[in-house]
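Following: one structure in structure tokens, then a few remarks.
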Protein chains: 2
Amino acid sequence: MRCLVVEDDADIRADLARALQGAGFVADEAGDGETAWYRGDVEDYDAVVLDLGLPRLDGLSVLRRWRANGRSFPVIVLSARSDWTEKVEGIDAGADDYLAKPFEMGELVARVRGLVRRGAGRVSGVVDLGRLRLDTTRMTAAFDGAPARISPLEFRLLDYLAHQGGRPVSAGELAEHLYGAADGADANAIEALVARLRRKFGADVVQTRRGFGYLLATPP
Amino acid sequence: MRCLVVEDDADIRADLARALQGAGFVADEAGDGETAWYRGDVEDYDAVVLDLGLPRLDGLSVLRRWRANGRSFPVIVLSARSDWTEKVEGIDAGADDYLAKPFEMGELVARVRGLVRRGAGRVSGVVDLGRLRLDTTRMTAAFDGAPARISPLEFRLLDYLAHQGGRPVSAGELAEHLYGAADGADANAIEALVARLRRKFGADVVQTRRGFGYLLATPP
DNA sequence: CGCGGTCCGTCAGGCAGTTGTCAGGCGGGA
DNA sequence: TCCCGCCTGACAACTGCCTGACGGACCGCG
């Protein structure tokens with residue numbers, strides 16, 4: 001899962017990013033409205049945390065421009081004031097959730113997770129993949145009912161695929177969502193990762209559509 | 001376990017904090033309603049002791065705001081008067097327990113412990129961890145039935161993990177709950193603590209999920 | 001006051017799980 | 001048959017975690 005943190009205060013921004021990374025997200029950061037708008041328009045995020053008080057271009061305008069351009073990622077709006085008029089404006093502008101500062105990090109993470117989950121049409125944080133089962137809230141996995149050893153990166157790959165509802169996802173897109181925006185990491189790293197998953201959990205966990213990408217075996 | 005003590009009288013507040021610390025809690029303090037509200041909104045507490053007569057923002061309002069923002073930690077309300085109308089208001093506002101001043105420190109501590117316990121879905125104050133058994137009321141431990149020597153910090157670490165229901169907890173989060181609010185204390189301190197526990201009670205008491213955190217061996 | 005004891009944070013060294021890279025192999029489609 | 005995309009085993013680097021040792025802080029005791 002890749003998300004964008006938009007917040008002008010560098011300390012708070014770093015806190016937010018760290019908290020989300022701790023929850024298994026890849027977090028990009030933006031400190032002003034224009035970079036935020038650009039990143040959100042160019043990159044492909046699974047969620048955005050958006051502060052309203054921003055230099056150069058305020059948060060609500062950023063949000064409106066994204067929505068006008070058809071960007072549909074879930075956005076959670078932060079505001080310094082617990083002012084309900086701002087909440088209404090935020091929702092009007094296309095926000096999916098609203099959180100007044102100050103807030104607790106755990107709460108924010110929980111809400112972001114909830115948004116991502118709902119965006120994928122899921123209700124619970126548990127993903128069923130046949131013999132394998134992921135608990136995205138508790139960050140645990142079970143294979144045939146027994147707790148399974150799974151590495152953080154493997155977990156995130158499966159989690160991301162599970163959000164794509166059977167759509168084949170290219171190695172490039174996977175890399176983009178598993179690593180940061182920065183590097184065009186070798187597609188082979190993804191291939192190796194998939195190979196390791198198949199070795200652990202059977203060849204069927206991840207299927208290949210030659211020329212299109214990877215997808216999850218749909219649970220029967 | 002981390003708790004917040006909200007009380008305007010500095011002496012009483014210090015007494016409360018000391019008593020709770022003696023019972024193994026980490027106690028943060030707040031002297032007026034606004035700081036209280038802020039702390040409770042930003043930090044992650046396992047319990048709150050809340051006096052009603054506060055400067056700047058009265059206790060009931062603080063409590064209502066927390067609840068309106070979805071903060072669900074257990075709150076025990078203190079009041080100067082043994083007035084039953086206040087009790088009703090308190091419970092209405094989302095309090096979990098109510099204590100009229102003057103009260104016994106021991107009684108308060110016992111109730112707070114009870115609330116934390118119930119919050120974790122436990123009934124008794126005894127936690128069973130296989131060969132190791134914790135008595136959270138008396139802060140004692142038994143290993144294979146025999147009384148065991150366990151340090152306060154070790155005890156609190158196990159107690160906290162036991163509250164997390166098998167979820168892996170990162171060293172950072174552990175530090176946050178074992179020490180006070182501010183610091184991102186060295187993760188190595190937690191590692192050392194875990195190492196000491198394993199030396200005393202066997203390598204299995206605490207398990208490691210590389211990249212995720214620590215968790216307790218689930219009792220069979 | 002000095003002494004031993006316990007508790008616990010810090011440090012440095014080391015091990016092992018994780019992950020990127022490489023080279024070679026396999027197979028489907030043109 | 002050739003090409004290209006994908007698979008796989010091996011390997012090396014990295015990083016997270018473990019551990020033993022050390023010393024400071026604190027406490028009870030003689």
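Residues are referred to by chain and number: the chain letter is A, B, ... according to the order shown in the structure tokens, the number counts from 1 in that chain, and ligands are numbered separately from 1 in the order shown.
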Using only C-alpha atoms (C1' of nucleotides) and a cut-off of 10 Å, which residues of chain D sit close to chain A? Please list them as a list in words.
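So the residues of chain D near chain A are DG5, DC6, DC7 and DT8 of chain D.
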*Can you check the Cα RMSD once chain B has been least-squares fitted onto chain A over every paired atom, in order?*
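After least-squares fitting, the two copies differ by 0.7 Å C-alpha RMSD.
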- prompt: If we count only C-alpha atoms, which residues of chain A reach to within 12 Å of chain B? Please list them as a ChimeraX atom specification.
  reply: /A:15,18-19,21-24,82,98-108,110-111,135-141,147-156
Would you export the selected residues with N, CA and C atoms as a short mmCIF file (atom, residue, chain, number, x, y, z; two decimals), in the first residue's frame, please?
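Saved to out.cif:
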data_model
loop_
_atom_site.label_atom_id
_atom_site.label_comp_id
_atom_site.auth_asym_id
_atom_site.auth_seq_id
_atom_site.Cartn_x
_atom_site.Cartn_y
_atom_site.Cartn_z
N ASP A 15 6.26 12.29 11.67
CA ASP A 15 5.53 11.41 12.58
C ASP A 15 4.50 10.59 11.83
N ARG A 18 6.09 7.98 9.67
CA ARG A 18 6.63 6.87 10.44
C ARG A 18 5.53 5.95 10.92
N ALA A 19 4.45 6.54 11.41
CA ALA A 19 3.34 5.74 11.91
C ALA A 19 2.78 4.85 10.80
N GLN A 21 4.29 3.91 8.02
CA GLN A 21 5.28 2.90 7.64
C GLN A 21 5.26 1.75 8.63
N GLY A 22 5.09 2.10 9.89
CA GLY A 22 5.00 1.06 10.91
C GLY A 22 3.83 0.12 10.67
N ALA A 23 2.81 0.64 9.99
CA ALA A 23 1.63 -0.18 9.70
C ALA A 23 1.76 -0.87 8.34
N GLY A 24 2.94 -0.78 7.73
CA GLY A 24 3.16 -1.50 6.49
C GLY A 24 2.92 -0.70 5.23
N SER A 82 -11.38 22.06 15.18
CA SER A 82 -12.41 21.03 15.18
C SER A 82 -13.71 21.68 14.73
N TYR A 98 -12.60 12.55 7.84
CA TYR A 98 -12.18 13.83 8.41
C TYR A 98 -11.67 13.60 9.82
N LEU A 99 -10.54 14.21 10.16
CA LEU A 99 -9.99 14.05 11.50
C LEU A 99 -9.49 15.40 11.99
N ALA A 100 -9.95 15.80 13.17
CA ALA A 100 -9.54 17.09 13.71
C ALA A 100 -8.28 16.94 14.53
N LYS A 101 -7.35 17.88 14.34
CA LYS A 101 -6.18 17.90 15.21
C LYS A 101 -6.59 18.47 16.56
N PRO A 102 -5.98 18.03 17.62
CA PRO A 102 -4.99 16.96 17.61
C PRO A 102 -5.65 15.60 17.59
N PHE A 103 -4.97 14.65 17.06
CA PHE A 103 -5.53 13.30 16.99
C PHE A 103 -4.44 12.32 17.39
N GLU A 104 -4.83 11.12 17.62
CA GLU A 104 -3.85 10.12 18.01
C GLU A 104 -3.41 9.33 16.79
N MET A 105 -2.12 9.05 16.71
CA MET A 105 -1.56 8.36 15.55
C MET A 105 -2.27 7.04 15.28
N GLY A 106 -2.48 6.29 16.35
CA GLY A 106 -3.13 5.00 16.18
C GLY A 106 -4.48 5.14 15.50
N GLU A 107 -5.19 6.16 15.87
CA GLU A 107 -6.50 6.41 15.28
C GLU A 107 -6.39 6.71 13.79
N LEU A 108 -5.44 7.57 13.47
CA LEU A 108 -5.26 7.90 12.05
C LEU A 108 -4.94 6.65 11.24
N ALA A 110 -5.59 3.61 11.92
CA ALA A 110 -6.77 2.76 11.83
C ALA A 110 -7.73 3.26 10.76
N ARG A 111 -7.91 4.57 10.70
CA ARG A 111 -8.85 5.10 9.71
C ARG A 111 -8.34 4.94 8.29
N ASP A 135 -4.37 -11.46 8.11
CA ASP A 135 -5.07 -10.51 8.97
C ASP A 135 -4.34 -9.18 8.87
N THR A 136 -4.91 -8.28 8.08
CA THR A 136 -4.18 -7.05 7.78
C THR A 136 -4.13 -6.10 8.97
N THR A 137 -5.05 -6.25 9.91
CA THR A 137 -5.03 -5.38 11.07
C THR A 137 -3.96 -5.82 12.06
N ARG A 138 -3.88 -7.12 12.25
CA ARG A 138 -2.92 -7.63 13.22
C ARG A 138 -1.60 -7.97 12.59
N MET A 139 -1.53 -7.87 11.27
CA MET A 139 -0.30 -8.16 10.55
C MET A 139 0.19 -9.59 10.82
N THR A 140 -0.72 -10.51 10.74
CA THR A 140 -0.35 -11.91 10.90
C THR A 140 -0.91 -12.71 9.73
N ALA A 141 -0.35 -13.88 9.52
CA ALA A 141 -0.81 -14.75 8.45
C ALA A 141 -0.95 -16.16 8.98
N PRO A 147 -0.32 -20.60 12.32
CA PRO A 147 0.41 -19.36 12.09
C PRO A 147 1.55 -19.59 11.10
N ALA A 148 1.70 -18.69 10.15
CA ALA A 148 2.68 -18.90 9.09
C ALA A 148 3.80 -17.88 9.19
N ARG A 149 4.97 -18.32 8.80
CA ARG A 149 6.10 -17.40 8.73
C ARG A 149 6.01 -16.65 7.42
N ILE A 150 5.92 -15.36 7.49
CA ILE A 150 5.86 -14.56 6.28
C ILE A 150 6.64 -13.28 6.51
N SER A 151 7.40 -12.88 5.51
CA SER A 151 8.24 -11.70 5.68
C SER A 151 7.42 -10.44 5.40
N PRO A 152 7.86 -9.30 5.89
CA PRO A 152 7.10 -8.07 5.70
C PRO A 152 6.81 -7.78 4.24
N LEU A 153 7.79 -7.96 3.39
CA LEU A 153 7.59 -7.63 1.99
C LEU A 153 6.60 -8.59 1.33
N GLU A 154 6.73 -9.85 1.65
CA GLU A 154 5.79 -10.84 1.12
C GLU A 154 4.37 -10.48 1.55
N PHE A 155 4.25 -10.12 2.81
CA PHE A 155 2.94 -9.76 3.34
C PHE A 155 2.35 -8.59 2.56
N ARG A 156 3.16 -7.59 2.32
CA ARG A 156 2.65 -6.40 1.64
C ARG A 156 2.27 -6.71 0.19
#
Identify, with DSSP run on backbone atoms, the residues in stretch 30-167 of chain B assigned to alpha helix (DSSP H), and express the list as JSON, numbers by chain. {"B": [33, 34, 35, 36, 37, 38, 39, 40, 41, 42, 59, 60, 61, 62, 63, 64, 65, 66, 67, 68, 84, 85, 86, 87, 88, 89, 90, 91, 92, 93, 105, 106, 107, 108, 109, 110, 111, 112, 113, 114, 115, 116, 117, 118, 119, 152, 153, 154, 155, 156, 157, 158, 159, 160, 161, 162, 163]}
task = Write out as a ChimeraX atom specification the residues lying within 9 Å of A:Tyr45, counting only C-alpha atoms (C1' of nucleotides) and excluding same-chain residues fewer than 4 positions away.
result = /A:1-4,40,73-74,177
Expected file contents, prior selection, C-alpha atoms, as a PDB file, in the first residue's frame:
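Result written to part_4.pdb:
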ATOM      1  CA  MET A   1       0.000   0.000   0.000  1.00  0.00           C
ATOM      2  CA  ARG A   2       1.335   3.352  -0.977  1.00  0.00           C
ATOM      3  CA  CYS A   3       0.096   6.577   0.503  1.00  0.00           C
ATOM      4  CA  LEU A   4       0.840  10.269   0.357  1.00  0.00           C
ATOM      5  CA  GLY A  40      -1.254  13.020  -6.474  1.00  0.00           C
ATOM      6  CA  PHE A  73      -8.026   7.535  -4.193  1.00  0.00           C
ATOM      7  CA  PRO A  74      -9.465   7.812  -0.695  1.00  0.00           C
ATOM      8  CA  HIS A 177       3.509   0.227  -4.517  1.00  0.00           C
TER       9      HIS A 177
END
D:DC26: which residues within 10 Å, counting only C-alpha atoms (C1' of nucleotides), same-chain residues fewer than 2 positions away excluded, as a list in words? DT6 and DC7 of chain C; DG24 of chain D
List the spatial neighbours of D:DT1 as a list in words - criterion: any atom at most 12 Å away, only C-alpha atoms (C1' of nucleotides), same-chain residues fewer than 2 positions off excluded.
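Contacts, in chain order: DG29 and DA30 of chain C; DC3 of chain D.
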Margin query: Quick one: residues within 12 Å of D:DA13, only C-alpha atoms (C1' of nucleotides), excluding same-chain residues fewer than 6 positions away - as a ChimeraX atom specification?
Written below: /C:18-21
Can you spit out the residues from that selection as a short mmCIF file (atom, residue, chain, number, x, y, z; two decimals), in the first residue's frame, using C-alpha atoms (C1' of nucleotides)?
data_model
loop_
_atom_site.label_atom_id
_atom_site.label_comp_id
_atom_site.auth_asym_id
_atom_site.auth_seq_id
_atom_site.Cartn_x
_atom_site.Cartn_y
_atom_site.Cartn_z
"C1'" DT C 18 15.47 -11.15 4.33
"C1'" DT C 19 16.01 -9.38 -0.09
"C1'" DG C 20 18.29 -7.56 -4.48
"C1'" DT C 21 21.09 -9.32 -8.19
#
From the list B:Leu132, B:Ala187, B:Ala30, B:Leu52, the nearest residue to chain C using only C-alpha atoms (C1' of nucleotides) is B:Ala187
Practice item. Tell me which protein, DNA and RNA residues are within 10 Å of C:DG5, counting only C-alpha atoms (C1' of nucleotides), leaving out same-chain ones fewer than 2 positions away, and put them as a PyMOL selection string. Key: (chain C and resi 3+7) or (chain D and resi 27-28)
Check: which chain C residues lie within 9 Å of chain B using only C-alpha atoms (C1' of nucleotides), as a PDB file with C-alpha atoms (C1' of nucleotides), in the first residue's frame:
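Okay, this is what ended up in result.pdb:
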ATOM      1  C1'  DC C   7      17.650  -3.172  38.003  1.00  0.00           C
ATOM      2  C1'  DC C   8      18.255  -1.558  33.544  1.00  0.00           C
ATOM      3  C1'  DG C   9      20.198   1.378  29.606  1.00  0.00           C
ATOM      4  C1'  DT C  10      24.053   1.307  26.440  1.00  0.00           C
ATOM      5  C1'  DG C  17      16.569 -14.045   8.108  1.00  0.00           C
TER       6       DG C  17
END
As a PyMOL selection string, which residues of stretch 20-201 of chain A does DSSP assign to strand (DSSP E)? chain A and resi 26-30+47-51+75-79+97-100+126-129+132-135+140-143+146-147
Next, write the just-selected residues to a file, as a compact mmCIF listing (two decimals), in the first residue's frame, keeping N, CA and C atoms as the atom set.
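This is the output file part.txt:
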# COMPACT_ATOMS: atom_id res chain seq x y z
N VAL A 26 3.86 2.25 2.38
CA VAL A 26 4.94 3.05 1.83
C VAL A 26 4.42 4.48 1.82
N ALA A 27 5.16 5.40 2.44
CA ALA A 27 4.64 6.76 2.58
C ALA A 27 5.50 7.76 1.82
N ASP A 28 4.90 8.43 0.85
CA ASP A 28 5.54 9.58 0.22
C ASP A 28 5.11 10.83 0.98
N GLU A 29 5.93 11.89 0.90
CA GLU A 29 5.60 13.09 1.65
C GLU A 29 5.56 14.31 0.74
N ALA A 30 4.69 15.24 1.10
CA ALA A 30 4.66 16.53 0.41
C ALA A 30 4.43 17.62 1.45
N ALA A 47 -4.06 5.77 -0.75
CA ALA A 47 -4.71 6.65 0.21
C ALA A 47 -3.89 7.92 0.36
N VAL A 48 -4.56 9.00 0.75
CA VAL A 48 -3.88 10.27 0.95
C VAL A 48 -4.31 10.87 2.28
N VAL A 49 -3.34 11.33 3.05
CA VAL A 49 -3.61 12.07 4.28
C VAL A 49 -3.32 13.54 3.98
N LEU A 50 -4.35 14.37 4.09
CA LEU A 50 -4.23 15.73 3.59
C LEU A 50 -4.54 16.78 4.65
N ASP A 51 -3.52 17.54 5.00
CA ASP A 51 -3.73 18.66 5.90
C ASP A 51 -4.32 19.82 5.12
N VAL A 75 -9.24 9.95 0.41
CA VAL A 75 -8.52 11.06 1.05
C VAL A 75 -9.07 11.28 2.45
N ILE A 76 -8.18 11.35 3.43
CA ILE A 76 -8.61 11.70 4.78
C ILE A 76 -8.04 13.08 5.10
N VAL A 77 -8.93 13.97 5.51
CA VAL A 77 -8.57 15.37 5.70
C VAL A 77 -8.24 15.65 7.17
N LEU A 78 -7.15 16.37 7.40
CA LEU A 78 -6.80 16.81 8.74
C LEU A 78 -7.03 18.31 8.84
N SER A 79 -7.50 18.75 9.99
CA SER A 79 -7.64 20.18 10.17
C SER A 79 -7.26 20.59 11.56
N ASP A 97 -12.93 11.00 4.63
CA ASP A 97 -12.98 10.99 6.08
C ASP A 97 -12.35 12.29 6.58
N TYR A 98 -12.60 12.55 7.84
CA TYR A 98 -12.18 13.83 8.41
C TYR A 98 -11.67 13.60 9.82
N LEU A 99 -10.54 14.21 10.16
CA LEU A 99 -9.99 14.05 11.50
C LEU A 99 -9.49 15.40 11.99
N ALA A 100 -9.95 15.80 13.17
CA ALA A 100 -9.54 17.09 13.71
C ALA A 100 -8.28 16.94 14.53
N VAL A 126 -9.59 -9.14 7.38
CA VAL A 126 -9.07 -10.48 7.13
C VAL A 126 -9.25 -10.83 5.65
N VAL A 127 -8.18 -11.26 5.03
CA VAL A 127 -8.22 -11.63 3.62
C VAL A 127 -8.09 -13.13 3.49
N ASP A 128 -9.02 -13.73 2.79
CA ASP A 128 -9.02 -15.17 2.63
C ASP A 128 -8.49 -15.54 1.25
N LEU A 129 -7.42 -16.31 1.22
CA LEU A 129 -6.81 -16.68 -0.07
C LEU A 129 -6.75 -18.19 -0.21
N LEU A 132 -4.35 -19.90 2.48
CA LEU A 132 -3.65 -18.84 3.19
C LEU A 132 -4.63 -17.75 3.62
N ARG A 133 -4.40 -17.21 4.81
CA ARG A 133 -5.28 -16.19 5.32
C ARG A 133 -4.47 -15.07 5.96
N LEU A 134 -4.74 -13.84 5.54
CA LEU A 134 -4.02 -12.69 6.08
C LEU A 134 -4.92 -11.89 7.00
N ASP A 135 -4.37 -11.46 8.11
CA ASP A 135 -5.07 -10.51 8.97
C ASP A 135 -4.34 -9.18 8.87
N THR A 140 -0.72 -10.51 10.74
CA THR A 140 -0.35 -11.91 10.90
C THR A 140 -0.91 -12.71 9.73
N ALA A 141 -0.35 -13.88 9.52
CA ALA A 141 -0.81 -14.75 8.45
C ALA A 141 -0.95 -16.16 8.98
N ALA A 142 -1.87 -16.92 8.38
CA ALA A 142 -2.05 -18.30 8.78
C ALA A 142 -2.18 -19.16 7.53
N PHE A 143 -1.53 -20.32 7.54
CA PHE A 143 -1.57 -21.24 6.42
C PHE A 143 -2.15 -22.54 6.92
N ALA A 146 -2.68 -22.74 10.70
CA ALA A 146 -1.55 -22.56 11.61
C ALA A 146 -0.83 -21.26 11.29
N PRO A 147 -0.32 -20.60 12.32
CA PRO A 147 0.41 -19.36 12.09
C PRO A 147 1.55 -19.59 11.10
Would you mind reading off the distance between atom CA of B:Val109 and atom CA of B:Val5, one decimal, in Å?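 These two atoms are separated by 11.8 Å.
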* For the atom pair atom CA of B:Gly31 and atom CA of B:Arg64, what is the interatomic distance in Å to one decimal place? ->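 About the pair atom CA of B:Gly31 and atom CA of B:Arg64: they are 17.9 Å apart.
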Measure the distance from atom CA of A:Ser61 to atom CA of A:Val116 in Å and round it to one decimal.
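Spanning atom CA of A:Ser61 to atom CA of A:Val116 is a straight-line distance of 22.7 Å.
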